[in-house]
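Peer 1: Quick one, model_9.cif (mmCIF, C-alpha atoms):
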```cif
data_upload
#
loop_
_atom_site.label_atom_id
_atom_site.label_comp_id
_atom_site.auth_asym_id
_atom_site.auth_seq_id
_atom_site.Cartn_x
_atom_site.Cartn_y
_atom_site.Cartn_z
CA MET D 1 -102.95 112.94 -80.92
CA GLU D 2 -102.81 113.74 -84.62
CA PHE D 3 -100.33 112.33 -87.08
CA PRO D 4 -99.32 114.56 -89.99
CA GLY D 5 -100.43 113.14 -93.32
CA PHE D 6 -102.75 110.58 -91.72
CA ASP D 7 -106.32 110.54 -93.00
CA PRO D 8 -108.82 108.82 -90.66
CA ASN D 9 -111.06 108.12 -93.67
CA THR D 10 -108.54 105.62 -95.04
CA LYS D 11 -107.65 102.02 -94.29
CA LEU D 12 -104.32 100.26 -94.50
CA VAL D 13 -104.24 97.60 -97.23
CA ALA D 14 -101.79 94.79 -97.94
CA VAL D 15 -101.95 93.73 -101.57
CA TYR D 16 -100.48 90.53 -102.95
CA TYR D 17 -99.96 90.74 -106.72
CA ASN D 18 -100.65 87.35 -108.34
CA SER D 19 -100.40 85.77 -104.86
CA GLY D 20 -96.77 86.84 -104.60
CA THR D 21 -94.93 87.88 -101.50
CA PRO D 22 -94.19 90.17 -99.81
CA PRO D 23 -97.37 92.20 -99.79
CA ARG D 24 -97.29 95.88 -100.72
CA LEU D 25 -98.79 98.25 -98.16
CA PHE D 26 -100.77 101.37 -99.01
CA ARG D 27 -103.82 103.32 -97.83
CA ILE D 28 -107.19 103.54 -99.57
CA CYS D 29 -110.16 105.83 -98.96
CA ASN D 30 -113.19 104.29 -97.29
CA ASP D 31 -115.39 105.39 -100.20
CA VAL D 32 -113.29 103.98 -103.04
CA THR D 33 -115.10 102.31 -105.95
CA LEU D 34 -114.00 99.02 -107.46
CA SER D 35 -112.79 100.86 -110.55
CA GLY D 36 -110.87 103.33 -108.38
CA LEU D 37 -109.35 100.49 -106.35
CA LYS D 38 -108.15 98.73 -109.51
CA ASP D 39 -106.69 102.02 -110.79
CA GLU D 40 -104.79 102.53 -107.51
CA LEU D 41 -103.50 98.95 -107.62
CA ASP D 42 -102.35 99.49 -111.23
CA GLN D 43 -100.53 102.69 -110.26
CA ILE D 44 -98.78 101.01 -107.34
CA ASN D 45 -97.69 98.09 -109.52
CA CYS D 46 -96.38 100.51 -112.18
CA GLN D 47 -94.41 102.44 -109.54
CA LEU D 48 -92.90 99.23 -108.20
CA ASN D 49 -92.27 97.67 -111.62
CA HIS D 50 -92.15 100.48 -114.16
CA ARG D 51 -91.58 98.09 -117.08
CA ASP D 52 -94.50 95.84 -116.12
CA THR D 53 -97.34 96.32 -118.60
CA ARG D 54 -99.78 94.03 -116.82
CA ARG D 55 -103.01 95.46 -115.43
CA VAL D 56 -105.25 94.47 -112.55
CA VAL D 57 -108.23 92.48 -113.82
CA GLY D 58 -109.47 90.98 -110.57
CA VAL D 59 -109.37 91.72 -106.85
CA ASP D 60 -110.13 89.26 -104.04
CA TYR D 61 -110.58 90.19 -100.39
CA ARG D 62 -109.12 87.76 -97.88
CA CYS D 63 -112.27 87.75 -95.80
CA PRO D 64 -111.95 86.70 -92.13
CA LEU D 65 -114.52 84.21 -90.82
CA SER D 66 -114.79 82.95 -87.28
CA ASP D 67 -116.45 79.68 -86.36
CA SER D 68 -118.39 78.79 -83.20
CA ALA D 69 -115.15 77.81 -81.44
CA GLY D 70 -113.71 81.25 -82.09
CA SER D 71 -111.16 80.06 -84.66
CA LEU D 72 -110.43 82.50 -87.42
CA ARG D 73 -109.97 81.44 -91.02
CA PHE D 74 -109.96 83.30 -94.29
CA ILE D 75 -111.93 82.82 -97.48
CA ARG D 76 -111.54 84.69 -100.71
CA MET D 77 -114.32 87.09 -101.57
CA LYS D 78 -114.17 88.24 -105.20
CA LEU D 79 -114.84 91.96 -105.51
CA THR D 80 -117.06 92.33 -108.57
CA ASN D 81 -118.80 95.67 -107.96
CA ASP D 82 -118.94 98.70 -105.67
CA ASP D 83 -121.33 96.94 -103.26
CA ASP D 84 -118.71 94.22 -102.72
CA VAL D 85 -116.14 96.89 -101.86
CA ARG D 86 -118.52 98.44 -99.30
CA THR D 87 -119.20 94.96 -97.87
CA MET D 88 -115.43 94.43 -97.56
CA PHE D 89 -115.09 97.61 -95.47
CA SER D 90 -118.06 96.57 -93.32
CA ILE D 91 -116.67 93.07 -92.67
CA PHE D 92 -113.25 94.51 -91.94
CA ALA D 93 -114.71 96.96 -89.41
CA GLN D 94 -116.53 94.12 -87.60
CA HIS D 95 -113.78 91.50 -87.50
CA SER D 96 -110.44 93.24 -87.52
CA THR D 97 -108.92 94.76 -84.43
CA ARG D 98 -105.54 95.36 -86.02
CA GLY D 99 -103.70 94.72 -89.22
CA PRO D 100 -104.48 95.68 -92.79
CA ILE D 101 -107.19 94.70 -95.22
CA GLU D 102 -105.64 91.89 -97.27
CA LEU D 103 -106.23 91.79 -101.02
CA ASP D 104 -105.11 89.53 -103.85
CA ALA D 105 -104.78 91.36 -107.16
CA SER D 106 -104.67 89.41 -110.43
CA LEU D 107 -102.42 90.93 -113.05
CA VAL D 108 -102.61 90.10 -116.76
CA ARG D 109 -101.29 91.66 -119.91
CA SER D 110 -103.76 93.37 -122.19
CA ALA D 111 -104.49 91.88 -125.59
CA GLU D 112 -102.75 94.86 -127.18
CA GLN D 113 -99.58 94.23 -125.18
CA ILE D 114 -99.62 90.53 -126.06
CA LEU D 115 -100.03 91.37 -129.76
CA LYS D 116 -97.15 93.86 -129.58
CA SER D 117 -94.85 91.18 -128.15
CA LEU D 118 -95.60 88.68 -130.96
CA PRO D 119 -93.44 88.59 -134.07
CA GLN D 120 -94.94 90.92 -136.64
CA PRO D 121 -96.31 89.29 -139.79
CA ARG D 122 -94.27 89.92 -142.89
CA ASN D 123 -95.55 90.93 -146.27
CA TYR D 124 -94.85 88.99 -149.45
CA GLU D 125 -91.89 91.13 -150.50
CA GLU D 126 -90.11 90.72 -147.15
CA ILE D 127 -90.59 86.95 -147.19
CA ARG D 128 -89.37 86.68 -150.79
CA ALA D 129 -86.26 88.76 -150.00
CA LEU D 130 -85.45 86.45 -147.10
CA LEU D 131 -85.86 83.35 -149.28
CA GLU D 132 -83.81 84.76 -152.17
CA ARG D 133 -80.84 86.07 -150.25
CA PRO D 134 -77.59 84.23 -150.90
CA GLU D 135 -76.85 81.31 -148.70
CA GLU D 136 -74.30 82.01 -146.03
CA GLU D 137 -71.08 80.06 -145.81
CA GLU D 138 -71.44 76.66 -144.36
CA VAL D 139 -69.90 76.23 -140.97
CA SER D 140 -68.06 73.02 -140.36
CA LEU D 141 -67.64 71.60 -136.92
CA ASP D 142 -64.76 69.40 -138.09
CA ASP D 143 -61.25 70.36 -137.02
CA PRO D 144 -59.33 72.20 -139.81
#
```
Could you render the structure as structure tokens?

Peer 2:
Amino acid sequence: MEFPGFDPNTKLVAVYYNSGTPPRLFRICNDVTLSGLKDELDQINCQLNHRDTRRVVGVDYRCPLSDSAGSLRFIRMKLTNDDDVRTMFSIFAQHSTRGPIELDASLVRSAEQILKSLPQPRNYEEIRALLERPEEEEVSLDDP
């Protein structure tokens, strides 16, 4: 049975931005690069929060590990290159029978955005004009 719009060369992903909840679900191609994954995560965050200027700087895979007793636990595997992304897909294919790939995406503001949000430095003339303007009336808190 085929489902319209479904691509078998994709995987379902749950992404947690800055470890927040709930996760956001989307599909990624099996051959995505780390750079492409970060770009997709940025686009999703921008669609969800159009005023958010933060960008994805790090991605961790919540990697499933089973011990000798068959218990399943998760460790974080930092994705640092394309080989790590391929390893993530391989591990997911071996250990997951259902459910999405779980990722933690770290969002930070760029240096340019931080600088834009800081008060702008003033030049000498602006500072002098502020210092030389007439004092405003004093406000008294005493009853008239």

Peer 1: Can you translate the PyMOL selection byres ((chain D and resi 107) around 8) into the concrete residues it hits in this file, as a short mmCIF file (atom, residue, chain, number, x, y, z; two decimals) with C-alpha atoms, in the coordinates of the input?

Peer 2:
```cif
data_model
loop_
_atom_site.label_atom_id
_atom_site.label_comp_id
_atom_site.auth_asym_id
_atom_site.auth_seq_id
_atom_site.Cartn_x
_atom_site.Cartn_y
_atom_site.Cartn_z
CA TYR D 17 -99.96 90.74 -106.72
CA ASN D 18 -100.65 87.35 -108.34
CA ARG D 54 -99.78 94.03 -116.82
CA ARG D 55 -103.01 95.46 -115.43
CA VAL D 56 -105.25 94.47 -112.55
CA VAL D 57 -108.23 92.48 -113.82
CA GLY D 58 -109.47 90.98 -110.57
CA ALA D 105 -104.78 91.36 -107.16
CA SER D 106 -104.67 89.41 -110.43
CA VAL D 108 -102.61 90.10 -116.76
CA ARG D 109 -101.29 91.66 -119.91
#
```

Peer 1: Which is closer to Asp31 in chain D than all the others in D:Asp83, D:Asp52, D:Asp104, D:Asp67, using only C-alpha atoms?

Peer 2: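 Going through D:Asp83, D:Asp52, D:Asp104, D:Asp67 one by one, the smallest distance to Asp31 in chain D is for D:Asp83.
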
Peer 1: My list of candidates is D:Ser68, D:Asn49, D:Gln43, D:Asn30. Which is closest to Thr87 in chain D when distances are computed with only C-alpha atoms?

Peer 2: D:Asn30

Peer 1: I'd like the interatomic distance between CA of Ile91 in chain D and CA of Lys11 in chain D, to a tenth of an Å.

Peer 2: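 Separation between CA of Ile91 in chain D and CA of Lys11 in chain D: 12.8 Å.
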
Peer 1: Which of these residues is nearest to Leu25 in chain D, using all atoms listed in the file: D:Ser66, D:Leu103, D:Phe89, D:Asp82?

Peer 2: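 So, comparing all the options, the nearest one is D:Leu103.
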
Peer 1: List the residues matched by the PyMOL selection byres ((chain D and resi 27) around 9) in the displayed structure as a list of chain:residue names, ordered by chain and then by residue number.

Peer 2: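 Applied to this file, the PyMOL selection byres ((chain D and resi 27) around 9) selects D:Thr10, D:Lys11, D:Leu12, D:Val13, D:Ala14, D:Leu25, D:Phe26, D:Ile28, D:Cys29.
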
Peer 1: CA of Val15 in chain D and CA of Pro100 in chain D, how far apart in Å?

Peer 2: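 About the pair CA of Pro100 in chain D and CA of Val15 in chain D: they are 9.3 Å apart.
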
Peer 1: If I take CA of Val85 in chain D and CA of Thr33 in chain D, how far is one from the other in Å, to one decimal?

Peer 2: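 Atom-to-atom, CA of Val85 in chain D and CA of Thr33 in chain D are spaced 6.9 Å apart.
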
Peer 1: Which one of D:Glu102, D:Thr21, D:Arg76, D:Val32 sits closest to Asn9 in chain D if you count all atoms listed in the file?

Peer 2: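 Under the stated criterion, the closest residue is D:Val32.
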
Peer 1: I'd like to know which of D:Arg86, D:Leu118, D:Leu37, D:His95 is closest to Arg73 in chain D, using only C-alpha atoms.

Peer 2: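 The answer is D:His95, which sits nearest to Arg73 in chain D.
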
Peer 1: Report as number ranges by chain the full result of the PyMOL selection byres ((chain D and resi 74) around 6) when it is applied to this structure.

Peer 2: D: 62-65, 73, 75

Peer 1: Nearest residue to Thr80 in chain D out of D:Arg24, D:Ser35, D:Glu126, D:Phe92, using only C-alpha atoms?

Peer 2: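 Nearest candidate to Thr80 in chain D out of D:Arg24, D:Ser35, D:Glu126, D:Phe92: D:Ser35.
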